[in-house]
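Enquirer: First the structure, which I've put down as structure tokens, then a few questions once you've had a look.
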Amino acid sequence: MSPRGQNIPRVKFDLTADERIVLAPVQSQVFHPYSDTPEEGIVIRSYAYEEAFGEKIRALAERARPRDLYDVINLFRNTEVLPAASVILDVLRQKCEFKGMELPEQAQIEPQRPMLEGNWAQMLAHQLPFLPPFETFWDELPVFFKWLQQGTSPLIPAAYVVAAGEEIIRERTMHLHISGNTRSYLEIIRFAASNRLCVDLHYQGSTRRIEPYSLRRTKSGNIILHAHNLDKDEHRGYRVDRILGANVTNQTFRPRFLIELTPAEPVRIAPTANKTI
């Protein structure tokens, strides 16, 4: 028995035999940044990216939970790996047919807005470092459904121009040669960028409110955060080793450049003889 009052970590398994798997499972690497990681890594079989996307859309229509809205819009925003709408629609159609459902439409979800908005904080606040405003996700549904139903490509801004010798950094911060504090600040900034939230950046003795866009390594080896400074309304670059802090704000922004602070592609691992769990 555990000491009184001590919480013991638990693993919860959710098993189901009532689901249609449309696409073949893929091999995915488990992120495990600890010293006991096997040399061959840890590999599991998981949903294909397109399968997970389709399942989330179906779940949003069927149960209308805030986390489903949050996940659907975040998947849609990740334009660099956005599958063809026709592929998602085919996966979704087969899943809905299996469940005896009509294909989801925005009009079907509209009546669920009061419930989604009312449960937004209660069901999401404890799962996120900072709770983004409900409206920024809800208001993107029309664009999402237009893409899904008509194949209309979402508007994707161009990336900020890469300078000579610059390298875009998309790897995890744990692999960068930076201090632990700086690593934490960058994770805060990456979360804010993916949720379209401005950041109060504490830098060289003052605070700037920024829209974060890209992390790059210069020819001289410095790591630079590229951002738009809202106070001066201009692009600025900040050396990450000079960042003294970062705080997510509730001010949202519409990207004026491509956000390059999220992974470039879903993890795909070719089938091997490695151990799986």
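Residues in the structure tokens are numbered from 1 in each chain, the chains being A, B, ... in the order shown, and ligands are numbered from 1 in the order shown.
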Pick out the residues sitting within 9 Å of Pro133 (chain A), and hand them over as a PDB file with C-alpha atoms, in the first residue's frame; count only C-alpha atoms, and ignore anything fewer than 4 positions along from it in its own chain.

Expert:
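To be explicit, this is the file written out as out.pdb:
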```pdb
ATOM      1  CA  TRP A 120     -13.961  25.245 -22.631  1.00  0.00           C
ATOM      2  CA  PHE A 137     -10.905  28.084 -32.491  1.00  0.00           C
ATOM      3  CA  ASN A 250      -4.325  36.200 -24.167  1.00  0.00           C
ATOM      4  CA  GLN A 251      -3.762  38.456 -27.187  1.00  0.00           C
ATOM      5  CA  THR A 252      -4.230  36.487 -30.397  1.00  0.00           C
TER       6      THR A 252
END
```

Enquirer: As a ChimeraX atom specification, please: all residues of region 69-211 of chain A that backbone DSSP puts in alpha helix (DSSP H).

Expert: /A:69-77,85-99,106-109,113-124,134-138,141-150,180-194

Enquirer: So that I can check the surroundings of Leu230 (chain A), please list as a short mmCIF file (atom, residue, chain, number, x, y, z; two decimals) with N, CA, C and O atoms, in the first residue's frame every protein, DNA and RNA residue that reaches within 9 Å of it, counting only C-alpha atoms and ignoring chain neighbours fewer than 4 positions away.

Expert:
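Written file, selection14.cif:
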```
data_model
loop_
_atom_site.label_atom_id
_atom_site.label_comp_id
_atom_site.auth_asym_id
_atom_site.auth_seq_id
_atom_site.Cartn_x
_atom_site.Cartn_y
_atom_site.Cartn_z
N ARG A 208 9.15 42.96 -24.49
CA ARG A 208 8.57 43.24 -25.80
C ARG A 208 7.41 42.27 -26.02
O ARG A 208 7.51 41.09 -25.70
N ARG A 209 6.33 42.75 -26.59
CA ARG A 209 5.24 41.86 -26.99
C ARG A 209 5.46 41.47 -28.44
O ARG A 209 5.59 42.33 -29.32
N ILE A 210 5.50 40.16 -28.69
CA ILE A 210 5.87 39.67 -30.02
C ILE A 210 4.89 38.62 -30.54
O ILE A 210 4.17 37.98 -29.79
N GLU A 211 4.90 38.47 -31.87
CA GLU A 211 4.32 37.32 -32.55
C GLU A 211 5.50 36.43 -32.92
O GLU A 211 6.35 36.83 -33.72
N GLU A 234 7.45 45.90 -36.33
CA GLU A 234 8.49 45.52 -37.27
C GLU A 234 9.07 44.16 -36.90
O GLU A 234 8.95 43.70 -35.78
N HIS A 235 9.69 43.54 -37.89
CA HIS A 235 10.34 42.26 -37.67
C HIS A 235 11.60 42.46 -36.83
O HIS A 235 12.34 43.43 -37.02
#
```

Enquirer: For Ser214 (chain A), which of A:Gly245, A:Pro114, A:Pro66, A:Pro255 is the closest residue, counting only C-alpha atoms?

Expert: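 Smallest distance to Ser214 (chain A) is found for A:Pro255.
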
Enquirer: Quick one: residues within 9 Å of region 217-228 of chain A, only C-alpha atoms counted, chain neighbours fewer than 6 positions away excluded, as an MDAnalysis selection string?

Expert: chainID A and resid 160 163:169 186 209:211 234:241 256

Enquirer: Let me see the file: selected residues, N, CA, C and O atoms, as an mmCIF file, in the first residue's frame.

Expert:
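Wrote it out as out_22.cif, contents follow:
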```cif
data_model
loop_
_atom_site.group_PDB
_atom_site.id
_atom_site.type_symbol
_atom_site.label_atom_id
_atom_site.label_comp_id
_atom_site.auth_asym_id
_atom_site.auth_seq_id
_atom_site.Cartn_x
_atom_site.Cartn_y
_atom_site.Cartn_z
ATOM 1 N N TYR A 160 9.283 33.927 -43.538
ATOM 2 C CA TYR A 160 10.207 35.061 -43.530
ATOM 3 C C TYR A 160 11.475 34.643 -44.272
ATOM 4 O O TYR A 160 11.934 33.496 -44.164
ATOM 5 N N ALA A 163 18.106 34.205 -44.351
ATOM 6 C CA ALA A 163 19.348 34.902 -44.669
ATOM 7 C C ALA A 163 20.415 33.898 -45.101
ATOM 8 O O ALA A 163 20.313 32.701 -44.811
ATOM 9 N N ALA A 164 21.428 34.397 -45.782
ATOM 10 C CA ALA A 164 22.515 33.535 -46.241
ATOM 11 C C ALA A 164 23.165 32.831 -45.053
ATOM 12 O O ALA A 164 23.524 33.472 -44.061
ATOM 13 N N GLY A 165 23.285 31.516 -45.146
ATOM 14 C CA GLY A 165 23.927 30.744 -44.080
ATOM 15 C C GLY A 165 23.021 30.394 -42.926
ATOM 16 O O GLY A 165 23.447 29.699 -41.996
ATOM 17 N N GLU A 166 21.760 30.848 -42.958
ATOM 18 C CA GLU A 166 20.827 30.545 -41.867
ATOM 19 C C GLU A 166 20.233 29.147 -42.031
ATOM 20 O O GLU A 166 19.974 28.697 -43.134
ATOM 21 N N GLU A 167 19.994 28.486 -40.896
ATOM 22 C CA GLU A 167 19.390 27.156 -40.885
ATOM 23 C C GLU A 167 18.154 27.181 -39.994
ATOM 24 O O GLU A 167 18.217 27.622 -38.837
ATOM 25 N N ILE A 168 17.019 26.750 -40.526
ATOM 26 C CA ILE A 168 15.787 26.695 -39.737
ATOM 27 C C ILE A 168 15.867 25.527 -38.771
ATOM 28 O O ILE A 168 16.226 24.412 -39.149
ATOM 29 N N ILE A 169 15.562 25.773 -37.509
ATOM 30 C CA ILE A 169 15.625 24.744 -36.475
ATOM 31 C C ILE A 169 14.221 24.232 -36.176
ATOM 32 O O ILE A 169 13.364 24.984 -35.729
ATOM 33 N N LEU A 186 11.719 28.628 -24.634
ATOM 34 C CA LEU A 186 11.418 28.300 -26.020
ATOM 35 C C LEU A 186 10.198 27.389 -26.131
ATOM 36 O O LEU A 186 9.412 27.505 -27.084
ATOM 37 N N ARG A 209 6.333 42.748 -26.594
ATOM 38 C CA ARG A 209 5.240 41.859 -26.989
ATOM 39 C C ARG A 209 5.462 41.468 -28.440
ATOM 40 O O ARG A 209 5.585 42.329 -29.315
ATOM 41 N N ILE A 210 5.503 40.164 -28.691
ATOM 42 C CA ILE A 210 5.872 39.673 -30.020
ATOM 43 C C ILE A 210 4.891 38.624 -30.544
ATOM 44 O O ILE A 210 4.169 37.983 -29.786
ATOM 45 N N GLU A 211 4.903 38.474 -31.874
ATOM 46 C CA GLU A 211 4.317 37.323 -32.554
ATOM 47 C C GLU A 211 5.505 36.427 -32.925
ATOM 48 O O GLU A 211 6.351 36.828 -33.715
ATOM 49 N N GLU A 234 7.447 45.901 -36.333
ATOM 50 C CA GLU A 234 8.495 45.524 -37.272
ATOM 51 C C GLU A 234 9.073 44.164 -36.905
ATOM 52 O O GLU A 234 8.953 43.696 -35.779
ATOM 53 N N HIS A 235 9.693 43.539 -37.894
ATOM 54 C CA HIS A 235 10.341 42.257 -37.673
ATOM 55 C C HIS A 235 11.601 42.462 -36.834
ATOM 56 O O HIS A 235 12.343 43.427 -37.023
ATOM 57 N N ARG A 236 11.822 41.530 -35.910
ATOM 58 C CA ARG A 236 13.026 41.572 -35.091
ATOM 59 C C ARG A 236 13.559 40.152 -34.891
ATOM 60 O O ARG A 236 12.799 39.185 -34.892
ATOM 61 N N GLY A 237 14.865 40.047 -34.680
ATOM 62 C CA GLY A 237 15.502 38.786 -34.330
ATOM 63 C C GLY A 237 16.082 38.883 -32.932
ATOM 64 O O GLY A 237 16.694 39.900 -32.581
ATOM 65 N N TYR A 238 15.888 37.838 -32.120
ATOM 66 C CA TYR A 238 16.358 37.843 -30.725
ATOM 67 C C TYR A 238 17.248 36.633 -30.474
ATOM 68 O O TYR A 238 16.831 35.494 -30.725
ATOM 69 N N ARG A 239 18.448 36.872 -30.000
ATOM 70 C CA ARG A 239 19.333 35.772 -29.632
ATOM 71 C C ARG A 239 18.750 35.053 -28.428
ATOM 72 O O ARG A 239 18.465 35.675 -27.402
ATOM 73 N N VAL A 240 18.577 33.746 -28.551
ATOM 74 C CA VAL A 240 17.890 33.025 -27.476
ATOM 75 C C VAL A 240 18.709 32.991 -26.186
ATOM 76 O O VAL A 240 18.145 32.876 -25.092
ATOM 77 N N ASP A 241 20.033 33.096 -26.281
ATOM 78 C CA ASP A 241 20.852 33.072 -25.065
ATOM 79 C C ASP A 241 20.725 34.381 -24.270
ATOM 80 O O ASP A 241 21.216 34.468 -23.145
ATOM 81 N N ARG A 256 1.340 36.593 -40.077
ATOM 82 C CA ARG A 256 1.744 37.356 -41.258
ATOM 83 C C ARG A 256 2.897 36.649 -41.979
ATOM 84 O O ARG A 256 3.244 37.008 -43.104
#
```

Enquirer: Quick one: residues within 6 Å of Ala61 (chain A), only C-alpha atoms, excluding same-chain residues fewer than 3 positions away - as a ChimeraX atom specification?

Expert: /A:58,64,104

Enquirer: Taking the DSSP assignment computed from this structure's backbone, write out as a ChimeraX atom specification all residues of region 20-155 of chain A that belong to strand (DSSP E or B).

Expert: /A:26-29,43-46

Enquirer: Measuring atom to atom with only C-alpha atoms, identify which of A:Leu92, A:Ile42, A:Leu82, A:Val161 is nearest to Glu55 (chain A).

Expert: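 That would be A:Leu92, the residue with the smallest distance to Glu55 (chain A).
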
Enquirer: Just the residues within 12 Å of Pro129 (chain A), please, counting only C-alpha atoms, with nothing from its chain fewer than 4 positions along; format it as JSON, numbers by chain.

Expert: {"A": [124, 125, 184, 187, 188, 189, 190, 191, 192, 195, 247, 248, 249]}
